[in-house]
Structure formats: C-alpha cells, structure tokens
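Structure first, then comments.
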Amino acid sequence: MTATKECIVSGMRPTGPLHLGHHFGVLANWLALQEQHDCLFFVADWHALTTEYADPKKVKGFVPGLVLDWVAAGLDPEKCIIFQQSQVKEHAELHLLLSMLTPVGWLERNPTYKDVATELAGQKDLATYGFLGYPVLMAADIILYRSTAVPVGQDQLPHLELTREIARRFNFLNCPENAPFFPEPKALLTEEAKLPGLDGRKMSKSYGNSIALGEPLEDIAPKIKTMLTDKNRLRRTDAGDPDVCNLYPYHKLLTAPEACAEIREGCTKATLGCVDCKKLLMESLTAFLTPIHERRRALEADPERLWHILEQGNARARARAAENMEAIRKALNFDF
C-alpha cells in the first residue's frame with residue numbers, strides 16, 4: 001500500500017444470491033476500486049440481523065454464497081481484503097463505544113430508518129435498538145480502519161454524513177484539536193447504473209424479476225424472451241422508443257457502444273424487431289456471464305478455497321482493527 005492510496009471500506013449484507021442489479025449497482029465499482037486503492041470489502045452478517053434477527057441461522061448459510069458471487073465476479077483477494085464482519089470483534093467494540101456518544105436524535109432523523117420501517121410495516125417488528133442503531137455499527141465498520149473514502153450512491157449520502165458526524169464528535173471529545181484520530185471519510189459518488197427488473201420494476205429476488213449472476217444461461221434465455229418492451233410498439237413495422245423499452249438499459253450496460261447505437265437506430269426506424277433485439281441481448285449476456293460462470297465453476301470445484309479466502313481476509317482485517325482499537329482505547333483512557 002502506498003501513501004497516495006485511499007483506504008476504502010464497503011460491505012454487503014448476505015441475504016441470498018446476487019443478481020445483475022447488484023453487479024452494476026455495486027460490484028462493478030468495487031472491481032475498479034480494487035485496482036487503485038487500499039480496499040476492504042466485508043460480508044455484513046451482523047447488519048443482516050437488524051431485519052433477520054428472528055431467523056439468524058439462514059444468515060450464516062448465505063455467507064459463502066456471497067463470497068462466491070464476489071470472487072466469481074472478479075474481486076481478487078490478492079488486491080483487496082475480503083472478510084466477515086462478525087469475525088472481527090473490534091467492530092462490535094467500537095460500535096459499543098460510539099453508541100455511548102451518539103445522540104438518539106441523529107438516529108431518528110435518518111431517512112432510511114423511516115423508509116424501511118414504513119416499507120416493512122406489518123411484515124417485521126423493527127422496533128429494536130439494533131435497527132435504530134445500525135448506522136452506529138455502520139460508522140464503526142467504516143472508521144475502524146480509518147477509512148478516507150466510501151463508495152456511495154446519491155441516496156446513501158445521509159448515511160455517510162452521519163458517519164462523519166460521529167467521527168467528528170469522537171475527535172472533539174477525545175482528541176487534541178490538532179490531532180483528530182478518525183478521518184472524516186469523503187463520499188466517492190458512484191455513477192448511477194440502475195438496472196430494472198425483467199418486468200420494469202426494481203430488480204429484486206422477492207419480485208421474481210431478476211437474473212442471478214450464477215444462473216445458467218439456459219434458464220436465462222426464456223426470461224429474456226418474455227421481457228417487456230415498448231408497450232406502444234404493437235407491430236414489427238411500428239417505430240419504437242428505446243428510452244421506454246425495458247431492454248435498452250441492459251444493452252447500454254452489456255452491449256458494445258457501436259452495436260448499441262445500431263440497436264437504437266433499428267428500433268426507432270422499425271428496421272429491428274423486438275425478437276431480434278432480445279436475441280442480441282442474449283448474446284451480450286452470454287459474453288458477459290461466461291467468464292463469471294467459469295470462475296464460479298472453478299471455485300465450486302474447490303469449496304475450501306472460499307473459506308481460505310475468508311480466513312486470510314479475517315486475519316488481515318483483524319490485525320489492522322486490533323492496532324487501531326488499541327489507539328482508540330488509549331484515547332478513551334481505557335488502555336488497561
């Protein structure tokens with residue numbers, strides 16, 4: 001690691017197989033970041049308990065699958081640290097310490113807290129400290145490694161600002177004015193690459209409208225054939241509008257720019273039909289997913305490798321976390 005590299009920490013909850021939306025929304029950015037920065041990517045299994053606390057056994061079962069999806073997609077344990085949050089106990093210790101100085105009002109005004117509580121009302125009881133206080137755990141995850149930047153989308157900026165406020169408050173209360181311990185991590189705004197589901201709604205496993213990264217191509221093909229297109233294009237000879245067609249966002253992400261331009265022209269001039277457009281999309285998906293599937297098969301043939309990657313990553317993360325926690329305890333006068 002060189003002094004010029006940003007330290008970047010990001011995580012993902014283990015809730016099941018990843019789909020194309022996860023790849024283009026998060027993973028594609030991680031793949032680029034690991035080439036340029038000091039990156040730590042973690043399986044956020046403790047975070048998963050904020051909503052899945054009633055059935056914690058299934059969380060553990062999703063952990064190796066998430067790492068499998070990551071590595072098959074291209075995350076390289078030689079270029080980044082891949083670890084499991086619950087196996088680095090310093091996350092919990094720092095979470096506890098930060099919870100002592102975080103005002104409840106900061107948590108109650110968190111927009112995601114209100115949105116998720118409303119969305120899941122009647123489905124799950126989220127009147128728990130863990131759900132209210134998960135931003136404190138998130139702050140601990142980030143600043144434990146003295147992270148200097150966090151990849152976020154526009155909608156996640158309030159989360160990061162809360163982390164910055166918590167770091168600022170710790171520094172104010174416990175550090176000399178000219179020697180703050182925690183950096184206030186800046187936002188690395190990621191380019192929006194939202195991919196709609198096969199039916200035009202948000203891509204989600206619960207909606208049954210997603211394409212999983214590990215899904216066999218023969219299972220994907222029938223899904224592509226039934227995808228919604230421009231509802232106003234009733235006949236092959238009707239001109240279409242790619243900007244309202246559900247296929248075109250996929251082409252923009254998966255198809256070469258020159259071919260994408262030809263598809264747009266063919267749609268608007270009615271020289272390319274929707275059936276042909278879907279065939280071209282399947283070709284692009286095949287080219288994109290084939291190397292991911294090949295890496296996946298190699299990993300599945302050697303299942304111990306996934307746990308080895310996690311064990312190595314856990315050890316590396318633990319070493320860094322332990323060193324920083326020692327300094328944090330000293331700042332709090334708890335270094336007995």
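Identifiers in the structure tokens: chain A, B, ... in order shown; residue index from 1 per chain; ligand index from 1 in order shown.
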task: Please give the complete set of residues from segment 31-258 of chain A that DSSP, run on the backbone, assigns to alpha helix (DSSP H), formatted as an NGL selection string.
output: :A and (31-33 or 45-52 or 57-73 or 90-99 or 104-108 or 111-119 or 129-132 or 134-143 or 157-174 or 217-225 or 248-254 or 257-258)
Mind writing the picked residues with C-alpha atoms as an mmCIF file, in the first residue's frame?
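Output saved as selection-v2.cif:
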data_model
loop_
_atom_site.group_PDB
_atom_site.id
_atom_site.type_symbol
_atom_site.label_atom_id
_atom_site.label_comp_id
_atom_site.auth_asym_id
_atom_site.auth_seq_id
_atom_site.Cartn_x
_atom_site.Cartn_y
_atom_site.Cartn_z
ATOM 1 C CA LEU A 31 -13.789 -4.104 -9.215
ATOM 2 C CA ALA A 32 -12.451 -0.755 -10.408
ATOM 3 C CA LEU A 33 -11.591 0.451 -6.896
ATOM 4 C CA ASP A 45 -23.659 -10.524 8.622
ATOM 5 C CA TRP A 46 -24.269 -8.513 11.802
ATOM 6 C CA HIS A 47 -26.073 -5.899 9.709
ATOM 7 C CA ALA A 48 -28.286 -8.633 8.277
ATOM 8 C CA LEU A 49 -29.558 -9.328 11.793
ATOM 9 C CA THR A 50 -31.136 -5.858 12.001
ATOM 10 C CA THR A 51 -34.021 -7.228 9.934
ATOM 11 C CA GLU A 52 -33.402 -11.013 10.059
ATOM 12 C CA LYS A 57 -29.421 -19.401 11.123
ATOM 13 C CA LYS A 58 -30.110 -18.588 7.488
ATOM 14 C CA VAL A 59 -27.723 -15.609 7.555
ATOM 15 C CA LYS A 60 -24.686 -17.847 8.085
ATOM 16 C CA GLY A 61 -25.769 -20.029 5.180
ATOM 17 C CA PHE A 62 -25.647 -17.068 2.808
ATOM 18 C CA VAL A 63 -22.065 -16.065 3.728
ATOM 19 C CA PRO A 64 -20.075 -18.444 1.455
ATOM 20 C CA GLY A 65 -22.508 -17.836 -1.405
ATOM 21 C CA LEU A 66 -21.909 -14.102 -1.212
ATOM 22 C CA VAL A 67 -18.135 -14.555 -1.274
ATOM 23 C CA LEU A 68 -18.552 -16.967 -4.185
ATOM 24 C CA ASP A 69 -20.501 -14.330 -6.124
ATOM 25 C CA TRP A 70 -17.879 -11.670 -5.335
ATOM 26 C CA VAL A 71 -14.839 -13.688 -6.385
ATOM 27 C CA ALA A 72 -16.562 -15.134 -9.447
ATOM 28 C CA ALA A 73 -17.406 -11.568 -10.497
ATOM 29 C CA GLU A 90 -13.377 -4.942 17.133
ATOM 30 C CA HIS A 91 -16.366 -3.859 15.020
ATOM 31 C CA ALA A 92 -18.638 -4.681 17.958
ATOM 32 C CA GLU A 93 -16.383 -2.999 20.492
ATOM 33 C CA LEU A 94 -16.168 0.230 18.527
ATOM 34 C CA HIS A 95 -19.916 0.105 17.878
ATOM 35 C CA LEU A 96 -20.493 -0.045 21.638
ATOM 36 C CA LEU A 97 -18.140 2.856 22.320
ATOM 37 C CA LEU A 98 -19.630 5.026 19.571
ATOM 38 C CA SER A 99 -23.177 4.280 20.756
ATOM 39 C CA VAL A 104 -30.662 9.410 19.660
ATOM 40 C CA GLY A 105 -31.984 12.325 17.600
ATOM 41 C CA TRP A 106 -29.303 11.737 14.982
ATOM 42 C CA LEU A 107 -30.582 8.180 14.511
ATOM 43 C CA GLU A 108 -34.274 9.045 14.483
ATOM 44 C CA PRO A 111 -34.295 8.897 6.313
ATOM 45 C CA THR A 112 -33.599 5.213 5.626
ATOM 46 C CA TYR A 113 -34.777 4.280 9.119
ATOM 47 C CA LYS A 114 -38.163 5.798 8.359
ATOM 48 C CA ASP A 115 -38.368 4.460 4.809
ATOM 49 C CA VAL A 116 -37.523 0.846 5.662
ATOM 50 C CA ALA A 117 -39.736 0.884 8.750
ATOM 51 C CA THR A 118 -42.645 2.044 6.568
ATOM 52 C CA GLU A 119 -41.841 -0.427 3.775
ATOM 53 C CA TYR A 129 -32.301 -0.939 19.175
ATOM 54 C CA GLY A 130 -30.357 -2.846 16.530
ATOM 55 C CA PHE A 131 -32.458 -1.407 13.727
ATOM 56 C CA LEU A 132 -32.481 2.107 15.142
ATOM 57 C CA TYR A 134 -27.479 0.217 12.764
ATOM 58 C CA PRO A 135 -25.955 3.500 11.452
ATOM 59 C CA VAL A 136 -23.674 3.459 14.508
ATOM 60 C CA LEU A 137 -22.483 -0.025 13.590
ATOM 61 C CA MET A 138 -22.050 1.162 10.018
ATOM 62 C CA ALA A 139 -19.950 4.088 11.257
ATOM 63 C CA ALA A 140 -17.831 1.668 13.296
ATOM 64 C CA ASP A 141 -17.322 -0.532 10.217
ATOM 65 C CA ILE A 142 -16.025 2.419 8.233
ATOM 66 C CA ILE A 143 -13.922 4.406 10.679
ATOM 67 C CA LEU A 157 -25.164 10.401 1.357
ATOM 68 C CA PRO A 158 -27.217 10.937 4.569
ATOM 69 C CA HIS A 159 -25.749 7.678 5.919
ATOM 70 C CA LEU A 160 -22.225 8.811 5.239
ATOM 71 C CA GLU A 161 -22.841 12.242 6.722
ATOM 72 C CA LEU A 162 -23.974 10.566 9.940
ATOM 73 C CA THR A 163 -20.724 8.573 9.974
ATOM 74 C CA ARG A 164 -18.803 11.812 9.510
ATOM 75 C CA GLU A 165 -20.727 13.434 12.380
ATOM 76 C CA ILE A 166 -19.967 10.507 14.690
ATOM 77 C CA ALA A 167 -16.259 10.612 13.777
ATOM 78 C CA ARG A 168 -16.238 14.367 14.301
ATOM 79 C CA ARG A 169 -17.888 14.029 17.725
ATOM 80 C CA PHE A 170 -15.408 11.345 18.841
ATOM 81 C CA ASN A 171 -12.491 13.523 17.759
ATOM 82 C CA PHE A 172 -13.934 16.577 19.518
ATOM 83 C CA LEU A 173 -14.494 14.735 22.786
ATOM 84 C CA ASN A 174 -11.355 12.607 22.915
ATOM 85 C CA LEU A 217 -27.676 -19.423 -19.449
ATOM 86 C CA GLU A 218 -30.307 -21.978 -20.444
ATOM 87 C CA ASP A 219 -32.513 -20.695 -17.621
ATOM 88 C CA ILE A 220 -31.934 -17.066 -18.554
ATOM 89 C CA ALA A 221 -32.904 -17.406 -22.228
ATOM 90 C CA PRO A 222 -36.660 -17.979 -21.601
ATOM 91 C CA LYS A 223 -36.694 -14.984 -19.254
ATOM 92 C CA ILE A 224 -35.255 -12.715 -21.946
ATOM 93 C CA LYS A 225 -37.901 -13.890 -24.418
ATOM 94 C CA TYR A 248 -32.362 -0.885 -23.724
ATOM 95 C CA PRO A 249 -30.910 -0.257 -20.216
ATOM 96 C CA TYR A 250 -29.475 -3.785 -20.436
ATOM 97 C CA HIS A 251 -27.968 -3.087 -23.849
ATOM 98 C CA LYS A 252 -26.372 0.143 -22.570
ATOM 99 C CA LEU A 253 -24.550 -1.840 -19.876
ATOM 100 C CA LEU A 254 -23.851 -5.093 -21.707
ATOM 101 C CA PRO A 257 -21.405 1.086 -27.830
ATOM 102 C CA GLU A 258 -21.328 0.769 -31.637
#
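Candidate residues A:Gly153, A:Tyr53, A:Leu40, A:Thr128 were compared for distance to Gly25 of chain A, and the nearest is A:Gly153, using only C-alpha atoms.
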task: Give me the residues within 10 Å of Arg297 of chain A as number ranges by chain, counting only C-alpha atoms and dropping any in the same chain fewer than 4 places off.
output: A: 68, 72, 214, 291-293, 301-302
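Our summary of the geometry notes that atom CA of Met325 of chain A is positioned 22.5 Å from atom CA of His37 of chain A.
The spacing separating atom CA of Ala261 of chain A from atom CA of Leu228 of chain A amounts to 20.2 Å.
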Write out as a short mmCIF file (atom, residue, chain, number, x, y, z; two decimals) with C-alpha atoms, in the first residue's frame which residues come within 9 Å of Ala322 of chain A when counting only C-alpha atoms, dropping same-chain ones fewer than 4 positions away.
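Result saved to around-v3.cif:
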data_model
loop_
_atom_site.label_atom_id
_atom_site.label_comp_id
_atom_site.auth_asym_id
_atom_site.auth_seq_id
_atom_site.Cartn_x
_atom_site.Cartn_y
_atom_site.Cartn_z
CA VAL A 88 -13.56 -9.15 13.59
CA GLU A 90 -13.38 -4.94 17.13
CA ALA A 317 -8.65 -7.22 8.85
CA ARG A 318 -8.25 -8.32 12.48
CA GLU A 326 -5.52 -0.10 20.86
CA ALA A 327 -5.10 3.56 19.90
#
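Per DSSP on the backbone, strand (DSSP E or B) in segment 159-196 of chain A comprises A:Lys186, A:Ala187, A:Leu188, A:Leu189, A:Pro196.
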Selected residues written out with C-alpha atoms, as a short mmCIF file (atom, residue, chain, number, x, y, z; two decimals), in the first residue's frame:
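Result file selection.cif:
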data_model
loop_
_atom_site.label_atom_id
_atom_site.label_comp_id
_atom_site.auth_asym_id
_atom_site.auth_seq_id
_atom_site.Cartn_x
_atom_site.Cartn_y
_atom_site.Cartn_z
CA LYS A 186 -15.45 11.56 1.97
CA ALA A 187 -18.03 10.28 -0.50
CA LEU A 188 -16.90 8.56 -3.66
CA LEU A 189 -20.09 9.12 -5.60
CA PRO A 196 -34.67 -2.54 -13.99
#
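Each of A:Ser10, A:Asn209, A:Gln87, A:Asn246 was compared to Ala319 of chain A using only C-alpha atoms, and A:Gln87 turns out to be the nearest.
Interatomic distance, atom CA of Leu281 of chain A to atom CA of Leu247 of chain A: 7.7 Å.
The smallest atom-to-atom distance between Val43 of chain A and any of A:Pro77, A:Ala321, A:Ser86, A:Glu6, using only C-alpha atoms, is found for A:Ser86.
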